[in-house]
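Structure file my_file_21.cif (mmCIF, C-alpha atoms) follows.
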```
data_upload
#
loop_
_atom_site.label_atom_id
_atom_site.label_comp_id
_atom_site.auth_asym_id
_atom_site.auth_seq_id
_atom_site.Cartn_x
_atom_site.Cartn_y
_atom_site.Cartn_z
CA MET A 142 115.59 67.04 145.18
CA ASN A 143 115.98 63.32 145.65
CA ILE A 144 115.46 61.18 142.59
CA ARG A 145 113.47 58.09 143.43
CA TYR A 146 113.97 55.13 141.14
CA THR A 147 110.46 53.74 141.41
CA LYS A 148 107.70 53.04 138.94
CA GLN A 149 105.64 55.83 140.51
CA PHE A 150 108.37 58.40 139.86
CA LEU A 151 108.80 57.05 136.32
CA SER A 152 105.07 57.55 135.83
CA LYS A 153 105.36 61.19 136.96
CA LEU A 154 108.10 61.78 134.39
CA GLU A 155 105.96 60.15 131.70
CA ASP A 156 103.11 62.52 132.65
CA ILE A 157 105.34 65.50 131.81
CA PHE A 158 105.89 64.05 128.34
CA ALA A 159 102.15 63.39 127.96
CA GLU A 160 101.42 67.08 128.55
CA SER A 161 104.21 68.28 126.25
CA ASP A 162 104.48 68.25 122.47
CA TYR A 163 106.86 65.29 122.60
CA ILE A 164 105.80 61.68 122.13
CA LEU A 165 107.51 59.16 124.41
CA ARG A 166 107.99 55.63 123.14
CA TYR A 167 109.72 52.56 124.53
CA GLU A 168 111.37 50.50 121.79
CA LYS A 169 114.17 48.01 121.53
CA GLY A 170 117.39 49.29 120.10
CA ASN A 171 121.05 49.77 120.78
CA PHE A 172 121.21 53.47 121.44
CA LYS A 173 124.59 54.53 122.78
CA SER A 174 123.03 56.75 125.44
CA GLY A 175 119.99 54.55 126.10
CA TYR A 176 117.66 56.79 124.15
CA CYS A 177 117.16 58.43 120.79
CA LEU A 178 115.74 61.92 120.37
CA LEU A 179 114.11 62.93 117.09
CA ASN A 180 113.75 66.70 117.43
CA GLU A 181 112.13 67.29 114.03
CA THR A 182 109.18 65.00 114.78
CA LYS A 183 109.31 65.55 118.56
CA ILE A 184 109.66 61.88 119.45
CA ALA A 185 111.76 60.51 122.31
CA ILE A 186 112.56 56.79 122.17
CA VAL A 187 113.93 54.99 125.25
CA ASN A 188 115.32 51.46 125.32
CA LYS A 189 112.47 49.31 126.62
CA TYR A 190 114.84 46.75 128.13
CA TYR A 191 116.36 49.25 130.54
CA PRO A 192 115.53 48.79 134.22
CA VAL A 193 113.47 51.48 135.97
CA GLU A 194 116.63 53.28 137.13
CA GLY A 195 117.93 53.53 133.56
CA LYS A 196 114.58 54.75 132.22
CA VAL A 197 114.34 57.44 134.91
CA ASN A 198 117.86 58.67 134.15
CA CYS A 199 117.14 58.71 130.40
CA LEU A 200 113.91 60.67 130.83
CA ILE A 201 115.63 63.23 133.05
CA ASP A 202 118.43 63.60 130.47
CA ILE A 203 115.87 64.08 127.70
CA LEU A 204 113.90 66.66 129.71
CA LYS A 205 117.10 68.66 130.18
CA GLU A 206 117.82 68.56 126.42
CA ILE A 207 114.44 69.48 124.97
CA ASP A 208 112.47 72.69 125.20
CA ILE A 209 109.16 72.25 126.97
CA ASP A 210 106.83 75.15 127.67
CA PRO A 211 106.23 74.94 131.44
CA ASN A 212 103.02 76.95 131.04
CA GLY A 213 101.49 74.00 129.19
CA LEU A 214 101.96 71.74 132.22
CA ASN A 215 99.70 71.43 135.24
CA ASP A 216 100.92 72.82 138.58
CA LYS A 217 102.38 69.54 139.90
CA ASN A 218 104.27 68.86 136.69
CA GLN A 219 105.51 72.47 136.50
CA LYS A 220 107.01 72.13 139.96
CA LEU A 221 108.60 68.76 139.17
CA TYR A 222 109.93 70.04 135.84
CA SER A 223 111.53 73.09 137.46
CA GLU A 224 113.13 70.92 140.17
CA LEU A 225 114.46 68.48 137.58
CA SER A 226 115.99 71.23 135.48
CA GLN A 227 118.13 72.29 138.44
CA ILE A 228 119.65 68.91 139.38
CA GLU A 229 122.78 67.17 138.12
CA LEU A 230 122.87 63.43 137.53
CA ASP A 231 125.81 61.36 138.73
CA LEU A 232 126.00 58.64 136.11
#
```
Let me see whether you can do it: turn the structure in this file into structure tokens.
Amino acid sequence: MNIRYTKQFLSKLEDIFAESDYILRYEKGNFKSGYCLLNETKIAIVNKYYPVEGKVNCLIDILKEIDIDPNGLNDKNQKLYSELSQIELDL
């Protein structure tokens, strides 16, 4: 799967979060990895000053770390989620 660093692809990743139990927020902060994950409250916070490429990479990293029930996603998002879980990022 090719990762596209566009606003449209970023929007597709955000849709996966919208259908999951996790809340996605963009905030300012100096997170070492570009994001902060609060597992207890199921909140993912991404640095809002990151460019689109950085946000996409952060969201993919977060999706690989958290447990999302694929059955709770619609068909398009299930397919995208399964493809994303099989790729490796070259950062």
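Against the coordinates shown, the PyMOL selection byres ((chain A and resi 223-227) around 10) returns A:Met142, A:Asn143, A:Ile144, A:Leu154, A:Ile201, A:Asp202, A:Leu204, A:Lys205, A:Glu206, A:Pro211, A:Asn218, A:Gln219, A:Lys220, A:Leu221, A:Tyr222, A:Ile228, A:Glu229, A:Leu230.
Summary of the local environment: counting only C-alpha atoms, residues at most 8 Å from stretch 145-150 of chain A, other than itself and those fewer than 4 positions away along its chain, are Leu154, Val193, Glu194 and Val197 of chain A.
At a cut-off of 12 Å from (111.5, 72.0, 122.1), the residue set is Phe158, Ser161, Asp162, Tyr163, Ile164, Leu178, Leu179, Asn180, Glu181, Thr182, Lys183, Ile184, Ala185, Ile203, Leu204, Lys205, Glu206, Ile207, Asp208, Ile209, Asp210 and Pro211 of chain A (counting all atoms listed in the file).
Between atom CA of A:Lys217 and atom CA of A:Ser152 lies a distance of 12.9 Å.
Here atom CA of A:Asn188 and atom CA of A:Phe172 stand 7.3 Å from one another.
The nearest approach to A:Lys153 among the residues A:Leu200, A:Tyr176, A:Lys189, A:Tyr167, with all atoms listed in the file taken into account, belongs to A:Leu200.
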May I have the centre and edge lengths, in Å to one decimal, of an axis-aligned box around the listed atoms of stretch 201-217 of chain A with 6 Å added to every side, as AutoDock Vina command-line options?
```
--center_x 109.1 --center_y 70.1 --center_z 132.4 --size_x 30.7 --size_y 25.7 --size_z 26.9
```
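The space separating atom CA of A:Cys177 from atom CA of A:Asn215 comes to 26.1 Å.
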Step by step, work through what the PyMOL selection byres ((chain A and resi 175) around 9) selects in the shown file, and finish by giving those residues as a count of residues only.
-> 14
